[in-house]
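Okay, so here's the structure we're looking at.
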Amino acid sequence: MSGRDGRVSVEDYRKRLLDGLMPLPPVQLPLARCLGLVTAEAVTARVAVPPFTNSAMDGFAVRHADVATADPASPIALGVVGDLAAGSRDDPRVGDGQAVRIMTGAPLPAGADAVVPVELTDQPLGRAGLPEIVRITGSVARAANIRLAGEDVAMGAPILPAGVRVDATAIAAAASAGHGTLLVHPAPRVAVIATGAELVEPGQPLDTGQIPDSNGPMLAGLVAEFGAVPMSLARCPDDPAALDAAVTAALDLADVVITSGGVSVGVRDVVKNSAVADALEFARVSMRPGKPQGHGRLTASDGRVVSLLALPGNPVSVFVSWFVFVVPVLAALAGLDPASVPSTGLAPVGTGWRSPRGFVQFMPVMRLPDGTVAPSHRLGAGSHLIASLHRAGALAVVPADVTEVTSGGVVDLIETRRGS
Ligand SMILES: Nc1nc2c(c(=O)[nH]1)N[C@H]1C(S)=C(S)[C@@H](COP(=O)(O)OP(=O)(O)OC[C@H]3O[C@@H](n4cnc5c(N)ncnc54)[C@H](O)[C@@H]3O)O[C@H]1N2
Ligand code: MOO
């Protein structure tokens, strides 16, 4: 199914990829397996946080009225009637003229309405026997050093909305509010197929016309960097039957299949010449690099619908296509709003460059010490410049009607570096 592919804008092509794409069916997972996944329902507190009123200090639980006038010159002596450690189930009562020794996090005993830190008593800091009498050498306000039950979050109050990525603090919130599991969308599983008769395993000697496969390892790395699950990495010669077999195998493993190469107008462009192509739509997207693209939805043997994204072969085109098309697809499957990705920004331009009219240009740029950006390679946006791409921390996005990016102006960015 080759022939003339329709010309389409970046925005319209992205819409086609996302049209009707639903999040993966949610699963209930233990908290330890939820990191990076997206909540599939709103989470409310099963228990109040804190679950009971407790002490914020190591010291003595007292009646405020008893110690209101205490100071170093006229300490107030109280009888110690109990000793509460965190986790203690004892239930002493503080009466007039009495105190209970208490540790941070222990439940406030009945009758007490303030906690005096040990520093404002005659007791030694750290390990010490329980005294019969404590002398309070300074006053504290009523309710001082007390953390009220539910003052962080009341029972039944919202903890996490649906549709947010679970990070470490979200896990802590859910745990503290009584949850051991969360209903989340699983991470999309991704299979990668690099096509091209010229490709050899990285590190192997090169015969005439051969190049190392860099797209395959890069895509597998991006899959992992973006919290999806790399399932398989296949390399496929320019043989349509081999590609069809590789895609059939990938469909059974993955929620998304990504191919690189073989989507242009060459006589051997393998993706276009395969039987799989009958289920794909090919387009020339008004962007540079990344112009030739293909996509479709295929059915795995178990009936699941799997998105296939057929990216062009040029390595920088693959990298650009990842951010512009694959990241929103993965976000939609993961349960996120695809419009919220990739992360973007603005930067002043240090060194300007030219951009082709009629195409959105994605220029790999690096940040200079003065905070401005400049192309990360002297040859600019060449789609084959893979060995220098790691120097770029972002892609500058130049609108289709702009032909010159000038030093001193500003430019939109897609941030491409993660975890730093
Ligand atoms: N007559 C035309 N020729 C080309 C056009 C066009 O419009 N008319 N478009 C060019 C553009 S733009 C791109 S992008 C490429 C896309 O072509 P394919 O998707 O068919 O990709 P291939 O031909 O298979 O490979 C292109 C290039 O990338 C290298 N490559 C491929 N796979 C890998 C890999 N896994 N690791 C490293 N490098 C890879 C490959 O050797 C080629 O150099 O078409 C242009 N041509
Ligand atoms: O669109 Mo191609 O991806 O410019 O190199």
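Simple scheme: letters A, B, ... for chains in structure tokens order, numbers from 1 for residues in each chain, numbers from 1 for ligands in the order shown.
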What parts of stretch 222-378 of chain A does DSSP call strand (DSSP E or B)? I'd like the answer as a PyMOL selection string. chain A and resi 229-236+256-260+281-285+287-288+292-299+305-311+344-349+353-354+360-367+373-375
Cut-off 7 Å: closest chain A/ligand 1 atom pairs per residue, using only C-alpha atoms and all ligand atoms, as JSON lines:
{"residue": "A:Ala194", "atom": "CA", "partner": "ligand 1", "partner_atom_place_in_ligand_line": "35 (N)", "distance": 4.8}
{"residue": "A:Thr195", "atom": "CA", "partner": "ligand 1", "partner_atom_place_in_ligand_line": "32 (N)", "distance": 5.9}
{"residue": "A:Gly196", "atom": "CA", "partner": "ligand 1", "partner_atom_place_in_ligand_line": "24 (O)", "distance": 5.5}
{"residue": "A:Glu198", "atom": "CA", "partner": "ligand 1", "partner_atom_place_in_ligand_line": "41 (O)", "distance": 6.3}
{"residue": "A:Leu199", "atom": "CA", "partner": "ligand 1", "partner_atom_place_in_ligand_line": "35 (N)", "distance": 6.3}
{"residue": "A:Ile211", "atom": "CA", "partner": "ligand 1", "partner_atom_place_in_ligand_line": "37 (C)", "distance": 6.7}
{"residue": "A:Pro212", "atom": "CA", "partner": "ligand 1", "partner_atom_place_in_ligand_line": "37 (C)", "distance": 6.2}
{"residue": "A:Asp213", "atom": "CA", "partner": "ligand 1", "partner_atom_place_in_ligand_line": "36 (N)", "distance": 3.8}
{"residue": "A:Ser214", "atom": "CA", "partner": "ligand 1", "partner_atom_place_in_ligand_line": "36 (N)", "distance": 3.9}
{"residue": "A:Asn215", "atom": "CA", "partner": "ligand 1", "partner_atom_place_in_ligand_line": "35 (N)", "distance": 4.0}
{"residue": "A:Gly216", "atom": "CA", "partner": "ligand 1", "partner_atom_place_in_ligand_line": "35 (N)", "distance": 5.3}
{"residue": "A:Ser260", "atom": "CA", "partner": "ligand 1", "partner_atom_place_in_ligand_line": "32 (N)", "distance": 5.9}
{"residue": "A:Gly261", "atom": "CA", "partner": "ligand 1", "partner_atom_place_in_ligand_line": "24 (O)", "distance": 3.5}
{"residue": "A:Gly262", "atom": "CA", "partner": "ligand 1", "partner_atom_place_in_ligand_line": "20 (O)", "distance": 3.4}
{"residue": "A:Val263", "atom": "CA", "partner": "ligand 1", "partner_atom_place_in_ligand_line": "19 (O)", "distance": 4.0}
{"residue": "A:Ser264", "atom": "CA", "partner": "ligand 1", "partner_atom_place_in_ligand_line": "20 (O)", "distance": 3.8}
{"residue": "A:Val265", "atom": "CA", "partner": "ligand 1", "partner_atom_place_in_ligand_line": "2 (C)", "distance": 5.7}
{"residue": "A:Gly266", "atom": "CA", "partner": "ligand 1", "partner_atom_place_in_ligand_line": "20 (O)", "distance": 6.3}
{"residue": "A:Asp269", "atom": "CA", "partner": "ligand 1", "partner_atom_place_in_ligand_line": "20 (O)", "distance": 5.2}
{"residue": "A:Pro289", "atom": "CA", "partner": "ligand 1", "partner_atom_place_in_ligand_line": "12 (S)", "distance": 6.0}
{"residue": "A:Gly290", "atom": "CA", "partner": "ligand 1", "partner_atom_place_in_ligand_line": "14 (S)", "distance": 5.2}
{"residue": "A:Lys291", "atom": "CA", "partner": "ligand 1", "partner_atom_place_in_ligand_line": "12 (S)", "distance": 5.3}
{"residue": "A:Pro292", "atom": "CA", "partner": "ligand 1", "partner_atom_place_in_ligand_line": "14 (S)", "distance": 5.9}
{"residue": "A:Leu311", "atom": "CA", "partner": "ligand 1", "partner_atom_place_in_ligand_line": "19 (O)", "distance": 6.4}
{"residue": "A:Pro312", "atom": "CA", "partner": "ligand 1", "partner_atom_place_in_ligand_line": "19 (O)", "distance": 3.2}
{"residue": "A:Gly313", "atom": "CA", "partner": "ligand 1", "partner_atom_place_in_ligand_line": "21 (O)", "distance": 3.4}
{"residue": "A:Asn314", "atom": "CA", "partner": "ligand 1", "partner_atom_place_in_ligand_line": "28 (O)", "distance": 3.4}
{"residue": "A:Pro315", "atom": "CA", "partner": "ligand 1", "partner_atom_place_in_ligand_line": "38 (N)", "distance": 5.5}
{"residue": "A:Ser317", "atom": "CA", "partner": "ligand 1", "partner_atom_place_in_ligand_line": "14 (S)", "distance": 5.8}
{"residue": "A:Ser383", "atom": "CA", "partner": "ligand 1", "partner_atom_place_in_ligand_line": "14 (S)", "distance": 6.9}
{"residue": "A:His384", "atom": "CA", "partner": "ligand 1", "partner_atom_place_in_ligand_line": "28 (O)", "distance": 6.7}
Do a neighbour search on A:Leu182 at 10 Å with only C-alpha atoms, toss out local chain neighbours closer than 4 positions, and write the hits as a PyMOL selection string. chain A and resi 26-34+37-43+166+171+174-175
Check stretch 303-351 of chain A with DSSP on the backbone and list each residue it calls helix (DSSP H, G or I), as an MDAnalysis selection string. chainID A and resid 315:334 338:340
Take the residues just selected and output them with N, CA and C atoms as an mmCIF file, in the first residue's frame.
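Generated output (selection27.cif):
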data_model
loop_
_atom_site.group_PDB
_atom_site.id
_atom_site.type_symbol
_atom_site.label_atom_id
_atom_site.label_comp_id
_atom_site.auth_asym_id
_atom_site.auth_seq_id
_atom_site.Cartn_x
_atom_site.Cartn_y
_atom_site.Cartn_z
ATOM 1 N N PRO A 315 17.566 8.506 12.421
ATOM 2 C CA PRO A 315 17.562 8.452 13.891
ATOM 3 C C PRO A 315 17.045 9.705 14.588
ATOM 4 N N VAL A 316 17.397 10.900 14.090
ATOM 5 C CA VAL A 316 16.885 12.098 14.771
ATOM 6 C C VAL A 316 15.371 12.211 14.525
ATOM 7 N N SER A 317 14.915 11.729 13.367
ATOM 8 C CA SER A 317 13.475 11.701 13.092
ATOM 9 C C SER A 317 12.767 10.787 14.092
ATOM 10 N N VAL A 318 13.419 9.672 14.440
ATOM 11 C CA VAL A 318 12.842 8.757 15.429
ATOM 12 C C VAL A 318 12.718 9.465 16.774
ATOM 13 N N PHE A 319 13.785 10.170 17.152
ATOM 14 C CA PHE A 319 13.799 10.853 18.453
ATOM 15 C C PHE A 319 12.702 11.919 18.503
ATOM 16 N N VAL A 320 12.594 12.703 17.442
ATOM 17 C CA VAL A 320 11.559 13.750 17.383
ATOM 18 C C VAL A 320 10.166 13.103 17.408
ATOM 19 N N SER A 321 9.981 12.052 16.613
ATOM 20 C CA SER A 321 8.672 11.383 16.559
ATOM 21 C C SER A 321 8.303 10.817 17.922
ATOM 22 N N TRP A 322 9.303 10.386 18.667
ATOM 23 C CA TRP A 322 9.024 9.861 20.011
ATOM 24 C C TRP A 322 8.293 10.913 20.840
ATOM 25 N N PHE A 323 8.855 12.129 20.873
ATOM 26 C CA PHE A 323 8.274 13.166 21.734
ATOM 27 C C PHE A 323 6.958 13.688 21.176
ATOM 28 N N VAL A 324 6.884 13.829 19.869
ATOM 29 C CA VAL A 324 5.720 14.498 19.277
ATOM 30 C C VAL A 324 4.535 13.533 19.151
ATOM 31 N N PHE A 325 4.806 12.254 18.913
ATOM 32 C CA PHE A 325 3.702 11.307 18.672
ATOM 33 C C PHE A 325 3.636 10.157 19.680
ATOM 34 N N VAL A 326 4.786 9.534 19.968
ATOM 35 C CA VAL A 326 4.714 8.335 20.822
ATOM 36 C C VAL A 326 4.369 8.718 22.260
ATOM 37 N N VAL A 327 4.978 9.778 22.775
ATOM 38 C CA VAL A 327 4.733 10.158 24.172
ATOM 39 C C VAL A 327 3.238 10.438 24.426
ATOM 40 N N PRO A 328 2.538 11.194 23.547
ATOM 41 C CA PRO A 328 1.099 11.369 23.787
ATOM 42 C C PRO A 328 0.308 10.055 23.715
ATOM 43 N N VAL A 329 0.694 9.147 22.824
ATOM 44 C CA VAL A 329 -0.019 7.854 22.744
ATOM 45 C C VAL A 329 0.184 7.069 24.044
ATOM 46 N N LEU A 330 1.429 7.023 24.518
ATOM 47 C CA LEU A 330 1.692 6.302 25.779
ATOM 48 C C LEU A 330 0.933 6.949 26.934
ATOM 49 N N ALA A 331 0.873 8.294 26.925
ATOM 50 C CA ALA A 331 0.153 8.995 28.001
ATOM 51 C C ALA A 331 -1.324 8.614 27.989
ATOM 52 N N ALA A 332 -1.931 8.601 26.802
ATOM 53 C CA ALA A 332 -3.358 8.275 26.719
ATOM 54 C C ALA A 332 -3.608 6.854 27.219
ATOM 55 N N LEU A 333 -2.744 5.914 26.850
ATOM 56 C CA LEU A 333 -2.924 4.525 27.291
ATOM 57 C C LEU A 333 -2.693 4.401 28.791
ATOM 58 N N ALA A 334 -1.777 5.222 29.304
ATOM 59 C CA ALA A 334 -1.439 5.155 30.736
ATOM 60 C C ALA A 334 -2.486 5.849 31.601
ATOM 61 N N PRO A 338 -3.290 13.326 27.244
ATOM 62 C CA PRO A 338 -2.174 13.403 26.292
ATOM 63 C C PRO A 338 -1.761 14.832 25.981
ATOM 64 N N ALA A 339 -2.671 15.801 26.240
ATOM 65 C CA ALA A 339 -2.300 17.196 25.985
ATOM 66 C C ALA A 339 -1.281 17.690 27.015
ATOM 67 N N SER A 340 -1.118 16.937 28.098
ATOM 68 C CA SER A 340 -0.207 17.389 29.163
ATOM 69 C C SER A 340 1.242 16.989 28.883
#
Rounded to one decimal place, report the atom CA of A:Val80-atom CA of A:Arg93 distance in Å. 10.6 Å
Atom-to-atom span, atom CA of A:Val200 and atom CA of A:Arg297, Å: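 So the two atoms, atom CA of A:Val200 and atom CA of A:Arg297, lie 28.9 Å apart.
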For each of A:Ala283, A:Ala73, A:Val402, A:Leu309, take the minimum atom-to-atom distance to ligand 2, counting only C-alpha atoms and all ligand atoms, then give the residue where this is smallest.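 Ranking A:Ala283, A:Ala73, A:Val402, A:Leu309 by distance to ligand 2, first place goes to A:Ala283.
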Ranking A:Arg89, A:Arg235, A:His295, A:Arg391 by minimum distance to A:Lys272 and counting only C-alpha atoms, which one comes first?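 Residue with the minimum atom-to-atom distance to A:Lys272: A:His295.
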